[in-house]
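Asks: Supplied structure: coords.pdb, PDB, C-alpha atoms.
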ATOM      1  CA  MET A 248     -88.525 -29.691 -83.907
ATOM      2  CA  SER A 249     -87.728 -26.536 -85.801
ATOM      3  CA  VAL A 250     -85.445 -25.481 -88.633
ATOM      4  CA  ALA A 251     -83.713 -22.207 -89.423
ATOM      5  CA  GLY A 252     -81.869 -21.095 -92.523
ATOM      6  CA  VAL A 253     -78.935 -18.714 -92.455
ATOM      7  CA  VAL A 254     -78.929 -17.313 -95.980
ATOM      8  CA  VAL A 255     -75.438 -16.000 -96.771
ATOM      9  CA  ASP A 256     -74.735 -13.528 -99.576
ATOM     10  CA  ASP A 257     -71.575 -13.193-101.661
ATOM     11  CA  GLN A 258     -70.201 -10.638 -99.172
ATOM     12  CA  GLY A 259     -70.442 -13.134 -96.299
ATOM     13  CA  ARG A 260     -73.406 -11.408 -94.651
ATOM     14  CA  ALA A 261     -76.381 -13.258 -93.153
ATOM     15  CA  LEU A 262     -80.026 -12.423 -93.851
ATOM     16  CA  LEU A 263     -81.799 -11.757 -90.544
ATOM     17  CA  ILE A 264     -85.473 -11.175 -89.932
ATOM     18  CA  GLN A 265     -87.046  -9.034 -87.250
ATOM     19  CA  ARG A 266     -90.014 -11.006 -85.988
ATOM     20  CA  ARG A 267     -93.333  -9.194 -86.035
ATOM     21  CA  ASP A 268     -94.578 -10.876 -82.819
ATOM     22  CA  ASN A 269     -91.698 -10.004 -80.471
ATOM     23  CA  GLY A 270     -89.349  -7.674 -82.394
ATOM     24  CA  HIS A 271     -86.358 -10.008 -82.015
ATOM     25  CA  TRP A 272     -83.754 -10.443 -84.764
ATOM     26  CA  GLU A 273     -83.211 -14.079 -85.809
ATOM     27  CA  PRO A 274     -82.485 -16.225 -88.824
ATOM     28  CA  PRO A 275     -85.702 -17.210 -90.634
ATOM     29  CA  GLY A 276     -87.240 -20.511 -89.558
ATOM     30  CA  GLY A 277     -89.981 -22.309 -87.716
ATOM     31  CA  ILE A 278     -91.643 -25.533 -86.671
ATOM     32  CA  LEU A 279     -91.949 -28.529 -88.985
ATOM     33  CA  GLU A 280     -95.434 -29.607 -90.042
ATOM     34  CA  PRO A 281     -96.316 -33.211 -88.956
ATOM     35  CA  GLU A 282     -95.763 -34.867 -92.363
ATOM     36  CA  GLU A 283     -93.099 -32.465 -93.629
ATOM     37  CA  ALA A 284     -89.527 -33.475 -94.497
ATOM     38  CA  ILE A 285     -86.747 -31.354 -92.968
ATOM     39  CA  PRO A 286     -85.463 -29.878 -96.284
ATOM     40  CA  ASP A 287     -89.024 -29.032 -97.352
ATOM     41  CA  ALA A 288     -89.691 -27.269 -94.041
ATOM     42  CA  LEU A 289     -86.445 -25.323 -94.328
ATOM     43  CA  GLN A 290     -87.254 -24.128 -97.835
ATOM     44  CA  ARG A 291     -90.865 -23.282 -96.886
ATOM     45  CA  GLU A 292     -89.956 -21.330 -93.741
ATOM     46  CA  VAL A 293     -87.216 -19.271 -95.405
ATOM     47  CA  LEU A 294     -89.498 -18.471 -98.350
ATOM     48  CA  GLU A 295     -92.463 -17.550 -96.093
ATOM     49  CA  GLU A 296     -90.411 -15.232 -93.895
ATOM     50  CA  THR A 297     -88.079 -13.643 -96.457
ATOM     51  CA  GLY A 298     -89.448 -14.117 -99.978
ATOM     52  CA  VAL A 299     -86.192 -15.887-100.877
ATOM     53  CA  LYS A 300     -86.120 -19.412-102.299
ATOM     54  CA  ILE A 301     -83.030 -21.355-101.217
ATOM     55  CA  THR A 302     -81.105 -24.059-103.000
ATOM     56  CA  LEU A 303     -81.124 -27.565-101.595
ATOM     57  CA  PRO A 304     -79.364 -29.369-100.146
ATOM     58  CA  ALA A 305     -78.301 -26.886 -97.500
ATOM     59  CA  THR A 306     -75.416 -27.472 -95.078
ATOM     60  CA  LEU A 307     -76.292 -28.407 -91.471
ATOM     61  CA  THR A 308     -74.209 -26.121 -89.237
ATOM     62  CA  GLY A 309     -75.707 -26.691 -85.800
ATOM     63  CA  VAL A 310     -78.173 -28.394 -83.482
ATOM     64  CA  TYR A 311     -79.570 -26.266 -80.650
ATOM     65  CA  LYS A 312     -81.790 -27.272 -77.736
ATOM     66  CA  ASN A 313     -83.897 -24.755 -75.849
ATOM     67  CA  MET A 314     -83.679 -26.251 -72.348
ATOM     68  CA  THR A 315     -86.730 -24.342 -71.082
ATOM     69  CA  GLY A 316     -88.921 -24.586 -74.195
ATOM     70  CA  LEU A 317     -87.776 -28.155 -74.974
ATOM     71  CA  ILE A 318     -87.433 -27.444 -78.696
ATOM     72  CA  VAL A 319     -84.586 -28.754 -80.821
ATOM     73  CA  SER A 320     -83.637 -26.586 -83.778
ATOM     74  CA  LEU A 321     -81.577 -27.635 -86.782
ATOM     75  CA  VAL A 322     -79.772 -24.703 -88.398
ATOM     76  CA  PHE A 323     -78.506 -24.720 -91.985
ATOM     77  CA  ARG A 324     -76.243 -22.461 -94.033
ATOM     78  CA  CYS A 325     -78.177 -21.618 -97.202
ATOM     79  CA  GLU A 326     -77.687 -19.979-100.576
ATOM     80  CA  ALA A 327     -80.370 -17.917-102.269
ATOM     81  CA  ALA A 328     -81.641 -19.374-105.547
ATOM     82  CA  ASP A 329     -84.347 -16.870-106.421
ATOM     83  CA  GLY A 330     -86.398 -13.986-105.055
ATOM     84  CA  MET A 331     -85.805 -10.665-103.361
ATOM     85  CA  PRO A 332     -85.879 -10.255 -99.578
ATOM     86  CA  THR A 333     -89.261  -8.894 -98.537
ATOM     87  CA  THR A 334     -91.295  -8.673 -95.336
ATOM     88  CA  GLY A 335     -94.449 -10.683 -94.770
ATOM     89  CA  SER A 336     -97.053 -11.508 -92.149
ATOM     90  CA  GLU A 337     -94.433 -12.822 -89.682
ATOM     91  CA  THR A 338     -91.596 -10.434 -90.553
ATOM     92  CA  ARG A 339     -91.404  -6.770 -89.519
ATOM     93  CA  ALA A 340     -88.017  -6.094 -91.176
ATOM     94  CA  LEU A 341     -85.094  -7.827 -92.869
ATOM     95  CA  ARG A 342     -81.437  -6.952 -93.152
ATOM     96  CA  TRP A 343     -78.145  -8.331 -94.329
ATOM     97  CA  ALA A 344     -75.879  -8.387 -91.274
ATOM     98  CA  THR A 345     -72.142  -8.831 -90.860
ATOM     99  CA  ARG A 346     -70.775 -11.160 -88.202
ATOM    100  CA  GLU A 347     -70.258  -8.178 -85.862
ATOM    101  CA  GLU A 348     -73.756  -6.800 -86.460
ATOM    102  CA  VAL A 349     -75.339 -10.197 -85.731
ATOM    103  CA  SER A 350     -73.951 -10.139 -82.178
ATOM    104  CA  GLU A 351     -75.320  -6.602 -81.661
ATOM    105  CA  LEU A 352     -78.805  -7.346 -83.047
ATOM    106  CA  ALA A 353     -79.695 -10.838 -81.839
ATOM    107  CA  ASP A 354     -79.911 -12.464 -78.418
ATOM    108  CA  GLU A 355     -76.939 -14.727 -77.707
ATOM    109  CA  ALA A 356     -78.956 -17.930 -78.270
ATOM    110  CA  TYR A 357     -79.791 -16.823 -81.835
ATOM    111  CA  ALA A 358     -76.602 -14.918 -82.671
ATOM    112  CA  ILE A 359     -74.522 -18.058 -82.069
ATOM    113  CA  ARG A 360     -76.625 -19.957 -84.619
ATOM    114  CA  VAL A 361     -75.820 -17.376 -87.278
ATOM    115  CA  ILE A 362     -72.137 -17.192 -86.313
ATOM    116  CA  ASP A 363     -71.851 -20.997 -86.401
ATOM    117  CA  ALA A 364     -73.437 -20.968 -89.876
ATOM    118  CA  LEU A 365     -71.128 -18.205 -91.089
ATOM    119  CA  ASP A 366     -68.144 -20.230 -89.819
ATOM    120  CA  ALA A 367     -69.627 -23.449 -91.300
ATOM    121  CA  ALA A 368     -67.552 -25.571 -88.933
ATOM    122  CA  SER A 369     -67.440 -29.316 -89.371
ATOM    123  CA  PRO A 370     -68.779 -31.218 -87.552
ATOM    124  CA  PRO A 371     -71.874 -29.090 -86.832
ATOM    125  CA  ALA A 372     -72.058 -27.280 -83.488
ATOM    126  CA  ILE A 373     -74.229 -28.800 -80.737
ATOM    127  CA  ARG A 374     -75.353 -26.271 -78.126
ATOM    128  CA  ALA A 375     -77.971 -25.670 -75.423
ATOM    129  CA  HIS A 376     -79.629 -22.416 -74.350
ATOM    130  CA  ASP A 377     -82.424 -21.089 -72.153
ATOM    131  CA  GLY A 378     -84.133 -19.140 -74.915
ATOM    132  CA  VAL A 379     -81.838 -16.133 -74.571
ATOM    133  CA  LYS A 380     -78.400 -17.205 -73.241
ATOM    134  CA  LEU A 381     -76.228 -20.249 -73.858
ATOM    135  CA  VAL A 382     -76.115 -22.703 -70.960
TER     136      VAL A 382
END
Rewrite the structure from the file as structure tokens, please.

Replies:
Amino acid sequence: MSVAGVVVDDQGRALLIQRRDNGHWEPPGGILEPEEAIPDALQREVLEETGVKITLPATLTGVYKNMTGLIVSLVFRCEAADGMPTTGSETRALRWATREEVSELADEAYAIRVIDALDAASPPAIRAHDGVKLV
């Protein structure tokens, strides 16, 4: 299981990272450690990849299953509590992106996660993808 945090600023933009390993633009996130609680993993992953500490609790905005990789990801809309966005060992670049820019930068399977978080629909979205496209 993985988590991702869509950090939204006061202008309604989402903080995206460009991954160092594959160059893709995504919301920050990653796999939970074996004994780690979901909120702790969310806060850790966002901080590791962006330098931004988020406030908890965060709002669950979607559940996404990678049908080929067999990974379920929980995505949350987050607010920054402290820190300045900065790159790290896993992050090549960061940028605040508008809804329109998200669709241009990220593969469909990741752009929809950010768009769902920006919309903050209730109940949370439940979607499946193949790693790139929705299925």

Asks: Might you spell out which residues the PyMOL selection byres ((chain A and resi 338) around 10) would select in the displayed file, as number ranges by chain?

Replies: A: 263-268, 270, 272, 275, 295-297, 333-337, 339-341

Asks: Using CA of Ala328 in chain A and CA of Leu303 in chain A as the two end points, give the distance in Å to one decimal.

Replies: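 Between CA of Ala328 in chain A and CA of Leu303 in chain A the gap works out to 9.1 Å.
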
Asks: Pick the closest to Gly277 in chain A from A:Met331, A:Val361, A:Ile318, A:Leu352: which is it, counting all atoms listed in the file?

Replies: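 Nearest candidate to Gly277 in chain A out of A:Met331, A:Val361, A:Ile318, A:Leu352: A:Ile318.
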
Asks: Within 12 Å of range 248-252 of chain A, which residues of range 331-374 of chain A come that close, and what is the closest atom pair and distance in Å for each? Count all atoms listed in the file and give it as a tab-separated table.

Replies:
residue	atom	partner	partner_atom	distance
A:Tyr357	CA	A:Ala251	CA	10.1
A:Arg360	CA	A:Ala251	CA	8.9
A:Val361	CA	A:Gly252	CA	8.8
A:Asp363	CA	A:Gly252	CA	11.7
A:Ala364	CA	A:Gly252	CA	8.8
A:Leu365	CA	A:Gly252	CA	11.2

Asks: Care to translate the PyMOL selection byres ((chain A and resi 257-259) around 9) into actual residues of this file, as a list in words?

Replies: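 With the shown file as input, the PyMOL selection byres ((chain A and resi 257-259) around 9) matches Val255, Asp256, Arg260, Ala261, Ala344, Thr345, Arg346 and Leu365 of chain A.
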
Asks: Place a sphere of radius 8 Å on (-70.4, -30.6, -90.0) in the file coordinates and name every protein, DNA or RNA residue with an atom inside or on its surface, counting all atoms listed in the file; give the answer as a PyMOL selection string.

Replies: chain A and resi 306-309+367-372

Asks: To one decimal place in Å, what is the distance between CA of Glu347 in chain A and CA of Val253 in chain A?

Replies: 15.2 Å

Asks: Go through A:Cys325, A:Ile285, A:Val349, A:Ala356 one by one, measure the shortest atom-to-atom distance of each to Lys300 in chain A using all atoms listed in the file, and give the residue with the smallest value.

Replies: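 The shortest atom-to-atom distance to Lys300 in chain A comes from A:Cys325.
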
Asks: When distances are computed from all atoms listed in the file, which of A:Lys312, A:Arg342, A:Arg324, A:Arg291 shows the smallest separation from Leu262 in chain A?

Replies: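 Ranking A:Lys312, A:Arg342, A:Arg324, A:Arg291 by distance to Leu262 in chain A, first place goes to A:Arg342.
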
Asks: Would you mind reading off the distance between CA of Glu280 in chain A and CA of Asp366 in chain A, one decimal, in Å?

Replies: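 That distance, rounded to one decimal, is 28.9 Å.
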
Asks: Could you check which of A:Leu279, A:Leu289, A:Ile301, A:Ala353 is closest to Asp329 in chain A, using all atoms listed in the file?

Replies: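 Between A:Leu279, A:Leu289, A:Ile301, A:Ala353, the residue approaching Asp329 in chain A most closely is A:Ile301.
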
Asks: Let me have the centre and edge lengths of the axis-aligned box enclosing all listed atoms of range 365-370 of chain A with 3 Å padding on every side, in Å to one decimal, as JSON.

Replies:
{"center_x": -69.3, "center_y": -24.7, "center_z": -89.4, "size_x": 9.7, "size_y": 19.0, "size_z": 9.7}

Asks: Which residues would end up in the selection if the PyMOL selection byres ((chain A and resi 381) around 10) were applied here, given that I need the answer as a PyMOL selection string?

Replies: chain A and resi 311-314+354-357+359+374-380+382

Asks: Closest to Ile362 in chain A among A:Ile278, A:Pro304, A:Gly316, A:Val254, using all atoms listed in the file?

Replies: A:Val254

Asks: So, with all atoms listed in the file as the atoms that count, which of A:Thr315, A:Val322, A:Ala288, A:Ala327 lies closest to Ala358 in chain A?

Replies: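 Of A:Thr315, A:Val322, A:Ala288, A:Ala327, the one nearest Ala358 in chain A, counting all atoms listed in the file, is A:Val322.
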